[in-house]
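Comments concern the structure below.
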Amino acid sequence: MADAKVTRLRPVRPCPICGKPSVQAFHPFCSSRCADIDLNRWLTGAYAIPEERDEERKTPDDGDDQ
């Protein structure tokens with residue numbers, strides 16, 4: 001069984017941090033270093049989902065229920 005071929009479930013893609021080919025153990029990154037860099041960016045707020053403010057969609061709180 002030592003000669004059994006392992007089927008890759010994920011395609012090899014470039015690392016989103018440095019661009020090198022990804023490694024199965026750290027997918028989608030190429031190394032633990034790039035995975036740690038990405039985690040640090042999330043934790044420090046470098047990645048953020050922009051908030052859309054819609055001033056017209058305010059709910060009426062004035063109590064004019066008739």
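Within each chain, counting starts at residue 1; across the structure tokens, chains are named A, B, ... in the order shown, with ligands numbered 1 upward in that order.
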**Report entry** Contact residues around Gln24 (chain A) with only C-alpha atoms at 12 Å, ignoring same-chain residues under 2 positions, as a PyMOL selection string
**Finding:** chain A and resi 6-15+21-22+26-32
